[in-house]
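Structure, as structure tokens:
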There are 4 protein chains.
Amino acid sequence: MTPSQPIPEQTSTDTAAGEPASRRTLRAQGQKTLRKLLDAAMVVFARRGYQAARVDDIVKLARTSHGTFYLYFSNKEDLLRALIAEAAEEVRALDGLIGEIGPDEAGWKELRSWIEAFSDAWLRHAPVLKAWADLVMSDAGFGEQALSAVAGVITSLARSIARAGPPPGIDPVAGAEAAVVMLERFHFLRQFSREPIDDAALDTLTTILHRGLFGAEISRHPPRP
Amino acid sequence: MTPSQPIPEQTSTDTAAGEPASRRTLRAQGQKTLRKLLDAAMVVFARRGYQAARVDDIVKLARTSHGTFYLYFSNKEDLLRALIAEAAEEVRALDGLIGEIGPDEAGWKELRSWIEAFSDAWLRHAPVLKAWADLVMSDAGFGEQALSAVAGVITSLARSIARAGPPPGIDPVAGAEAAVVMLERFHFLRQFSREPIDDAALDTLTTILHRGLFGAEISRHPPRP
Amino acid sequence: MTPSQPIPEQTSTDTAAGEPASRRTLRAQGQKTLRKLLDAAMVVFARRGYQAARVDDIVKLARTSHGTFYLYFSNKEDLLRALIAEAAEEVRALDGLIGEIGPDEAGWKELRSWIEAFSDAWLRHAPVLKAWADLVMSDAGFGEQALSAVAGVITSLARSIARAGPPPGIDPVAGAEAAVVMLERFHFLRQFSREPIDDAALDTLTTILHRGLFGAEISRHPPRP
Amino acid sequence: MTPSQPIPEQTSTDTAAGEPASRRTLRAQGQKTLRKLLDAAMVVFARRGYQAARVDDIVKLARTSHGTFYLYFSNKEDLLRALIAEAAEEVRALDGLIGEIGPDEAGWKELRSWIEAFSDAWLRHAPVLKAWADLVMSDAGFGEQALSAVAGVITSLARSIARAGPPPGIDPVAGAEAAVVMLERFHFLRQFSREPIDDAALDTLTTILHRGLFGAEISRHPPRP
DNA sequence: GATGAATGAGATTTCATTCAT
DNA sequence: TATGAATGAAATCTCATTCAT
């Protein structure tokens, strides 16, 4: 007489921590709720920063419940990752947009329109980018993710600088890094101090980089009339 | 082209920030404990950021107790203010150092040595600056303080740019802002990615700003041999 | 030697335990779903115990939904009751099987075949029995139910022992209790440690009880060749 | 110019989950609180079972706070482990007590006094043993721990049986297992049904095992006068 | 001056159960 | 009959701060 019933192996942890609650396929209503939560989080992160944001704030704004939140995300960080994924997509799109930038006026305009695209993307995702910056401080993993997201843009920009033949004293990679962080933090500063990012500001940024990295000289690129 | 931002008078920040809970005069041992706590906080803030730093982490690293912590600071924020006070001192010192910067090689050197001073100060206070940035996200009051601290530097720099007669398209205030945030974040990025901030990097930063904001042209300032 | 426990009348447990929330008559499909849920619960209870088992685990394994679950059971406890009802049926059948057990070899064989029946029943319902034991810890009501279910077996066994004229020092009721719990837990232990319950094990159990409770002596019942 | 401040490595998780909050050395007051918590837990576990016991119940009974609880234990499981460690100590002590057990009256008395020791230990730690049994269901790890704790007793007992020359049909290891689980569960049952474990009960248990495993015959061991 | 112990408000997370389609 | 979505009460756990010695 032998035992008739094999004991099934315990399938270890069914849902790993930090994973989306369970990537079910969502119907229309589910999609809507998901969106509501993402949007609410965007607002709350913008208002209080990531760390200070409470799940409670988010669900209240989304007019839903705690339980529902954890139906879609396994925790606050998971939600941020979802938002970041959306933002990162656009960041990555930016490096495709960097064209040939010469020291002449055409180059200036090219650069200016790229910066404008950068500006648009930044403003669209401002809360996420801030939350991101906020998390980088406490979670190294998020830092790596951030680095790799910008790496593409920096590389493209560095190539563009190198092709243009930068002024002496410029290291293309360092220059590209400086450019990207300048653009990013300038936007951050202006938004933080509630000053607008207007044409004058974008012109200034463009001119600094055009002259500083792409070798434009004064006579050659009269500012737009 | 109008300056987008009124240049604020530097608001003094000597309002007893960061003083012990009850302002006792400290003997030798007290001084030592105070220093231990400040240093430990510096390390912990650097590791985890301000928000995520726990008082427990700090006192453990300082090899002292919770009770002692509150003997010296009235709360965690108070401790950060003390650290910031130390850093702000140096930040403020920086605007005194900005001299006359012309478009020639002398100007380049002048700028370069200022940037070097900035770099030194930044590296010395990196953890505090990061904690500061961290806090700014969630505490509006701290944001004001931060703005006013940098305002002095920005103002001085903006004046210096205006005096030099910047290239067309440059708004001196926007330019100064862009310059400061670029320097700050470039240091942050390099430290975060564990890349050194070497001479080539500082040369690059200097050249970008010299050409971008102070109208330097190629022929006039050959980079240092 | 007085029985330490009044021998309780077997309280009938046919009080509609484990019936669907609203007692509908089920069609073929309904029957199938019901079975799927019962089977899944059996597995999950075996894996995690009753308390730790989540309805979610059960419906996932049964490949159905939460909503469906509550179509068939009014709650988790209700489901367990349904399973218990199935098991109790067999438990109750066991006391009918206890025959006259003398101290001779015939008695040994009689006892042995009863133990074999016990073993079969136990193995068939192991998960339920475990869940039951699990619940007994936290729900007094379930404890009563459990006691009354085994009471029948214990009573029958005690009578059988008393009739056989047990060795001096044996209280028939205490002896019957000891026998039942020994059989139950021995099976539990062997299954838990993944050791088989083989003929040698059943022989050992039989011999302990035959000699211990029914007065068998060595010379009179040589073990089966 | 190279960065002057090495960034210290993040010392990963400072306190691993599931570990005692931090095995500080406790002063008198700490010891007292620790004891209060352990005792309170014992009571609560006895009343509601481990799973159903809430940390809140424990701290209320111990007249202390949630915060304090987590100062001493990292969670409920951790607390149970502490209690188990205390119980396991005594369980282990039991196998040293098993002496030479012959089929005569001296053997009966020897066995009886060992069973009495078992009984004492069991009663002293009843709540823990129940909680243990409760957890075994949901946490495999706890099962292993339980097995290894009893393994010593079983082995000693099996040796004792083998030395005594058991009746034919007895496998010493299976017999020892059966004996231990019988003793354990008998106590459990009696306590659960609120019946006393009196001399008659212990006599019965002793006699079953003495005859069943150690080959005692009727004439040779008259029960105590 | 210093410290271990205690606190409790508040945040996160889980999961049995109900609802709407 | 079936199901995905939603709920919210209850439980766990954290940590800045206060207290008593």
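Just remember, in the structure tokens the first chain shown is A, the second B, etc., residues are 1-based per chain, and ligands are 1-based in the order shown.
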- Check every residue of chain E for an atom within 9 Å of chain D, counting only C-alpha atoms (C1' of nucleotides), and provide those that qualify as a list in words.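 Matching residues, ligands excluded from the count: DG4, DA5, DA6, DT7 and DG8 of chain E.
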- Task: Write out as a ChimeraX atom specification the residues lying within 12 Å of D:Leu147, counting only C-alpha atoms (C1' of nucleotides) and excluding same-chain residues fewer than 6 positions away.
- Result: /C:188-190,192-194 /D:88,91-92,132-133,136,140-141,153-155,177,180-181
- Query: Mind listing as a ChimeraX atom specification which residues of chain C are within 7 Å of chain A, counting only C-alpha atoms?
  - Reply: /C:47,123,196-199
- Message: What parts of stretch 31-224 of chain A does DSSP call helix (DSSP H, G or I)? I'd like the answer as number ranges by chain.
- Response: A: 31-52, 55-61, 66-72, 76-96, 105-136, 140-164, 172-192, 199-214
- For chain F, which residues have at least one atom within 9 Å of chain B, if we go by only C-alpha atoms (C1' of nucleotides)? Write them as a list in words, please.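 The answer, sorted by residue number, is DC15, DA16, DT17 and DT18 of chain F.
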Take the residues from that selection and put them in a file with N, CA and C atoms (P, O5', C5', C4', C3', O3' and C1' of nucleotides), as a short mmCIF file (atom, residue, chain, number, x, y, z; two decimals), in the first residue's frame.
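That gives us again-v2.cif:
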```cif
data_model
loop_
_atom_site.label_atom_id
_atom_site.label_comp_id
_atom_site.auth_asym_id
_atom_site.auth_seq_id
_atom_site.Cartn_x
_atom_site.Cartn_y
_atom_site.Cartn_z
P DC F 15 11.77 53.18 7.46
"O5'" DC F 15 11.66 54.39 8.47
"C5'" DC F 15 10.52 55.24 8.32
"C4'" DC F 15 10.49 56.25 9.44
"C3'" DC F 15 11.85 56.56 10.07
"O3'" DC F 15 11.85 57.93 10.35
"C1'" DC F 15 10.38 55.86 11.74
P DA F 16 13.16 58.80 10.14
"O5'" DA F 16 12.70 60.18 10.77
"C5'" DA F 16 11.56 60.83 10.24
"C4'" DA F 16 10.76 61.47 11.35
"C3'" DA F 16 11.54 62.43 12.23
"O3'" DA F 16 10.68 63.52 12.56
"C1'" DA F 16 10.67 60.67 13.57
P DT F 17 11.31 64.72 13.39
"O5'" DT F 17 10.95 64.32 14.89
"C5'" DT F 17 9.58 64.24 15.26
"C4'" DT F 17 9.45 63.66 16.64
"C3'" DT F 17 10.23 64.39 17.75
"O3'" DT F 17 9.28 64.88 18.67
"C1'" DT F 17 10.38 62.05 17.99
P DT F 18 9.71 65.81 19.85
"O5'" DT F 18 9.43 64.88 21.12
"C5'" DT F 18 8.19 64.19 21.19
"C4'" DT F 18 8.23 63.25 22.39
"C3'" DT F 18 8.73 63.86 23.69
"O3'" DT F 18 7.85 63.42 24.71
"C1'" DT F 18 9.96 61.91 23.20
#
```
- Query: Which distance in Å separates atom CA of C:Val43 and atom CA of C:Pro127, to one decimal?
  - Reply: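 Taking atom CA of C:Val43 and atom CA of C:Pro127, their separation equals 7.0 Å.
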- Message: Given only C-alpha atoms as the basis, pick out the residue of C:Val173, C:Ala158, C:Ala146, C:Ile115 nearest to C:Thr206.
- Response: C:Ile115
- Message: Can you pull out the residues contacting A:Ile58? Cut-off 7 Å, using only C-alpha atoms (C1' of nucleotides), and skip same-chain residues under 2 positions away; I want them as a list in words.
- Response: Leu37, Ala40, Ala41, Val44, Arg54, Val55, Asp56, Lys60, Leu61 and Ala62 of chain A
Could those residues be written to a file, using C-alpha atoms, as a CSV table (one decimal), in the first residue's frame?
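What landed in result.csv:
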```csv
chain,number,residue,atom,x,y,z
A,37,LEU,CA,-4.4,56.1,-12.0
A,40,ALA,CA,-3.6,61.0,-11.1
A,41,ALA,CA,-0.1,59.9,-10.1
A,44,VAL,CA,0.4,64.0,-7.3
A,54,ARG,CA,1.1,58.8,-0.8
A,55,VAL,CA,-0.8,56.1,-2.5
A,56,ASP,CA,-3.8,57.5,-0.7
A,60,LYS,CA,-8.3,59.8,-4.0
A,61,LEU,CA,-7.6,61.9,-7.0
A,62,ALA,CA,-8.4,59.0,-9.3
```
- Contacts of A:Asp134 within 8 Å, only C-alpha atoms (C1' of nucleotides), excl. fewer than 6 positions in-chain, as a PyMOL selection string: (chain A and resi 49-51) or (chain B and resi 134+137)
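Omitting D:Gly99 and its sequence neighbours fewer than 3 positions away, and counting only C-alpha atoms (C1' of nucleotides), the residues within 12 Å are Leu94, Asp95, Gly96, Gly102, Ala106, Gly107, Trp108, Lys109, Glu110, Leu111, Arg112, Ser113, Trp114, Ile115, Ser156, Leu157, Ala158, Arg159, Ser160, Ile161, Arg163 and Ala164 of chain D.
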- Item | Pick from A:Ile101, A:Phe73, A:Ser138, A:Arg48 nearest to E:DT13, counting only C-alpha atoms (C1' of nucleotides) |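 Distance minimum relative to E:DT13 lands on A:Phe73.
The spacing separating atom CA of A:Leu80 from atom CA of B:Met42 amounts to 27.5 Å.
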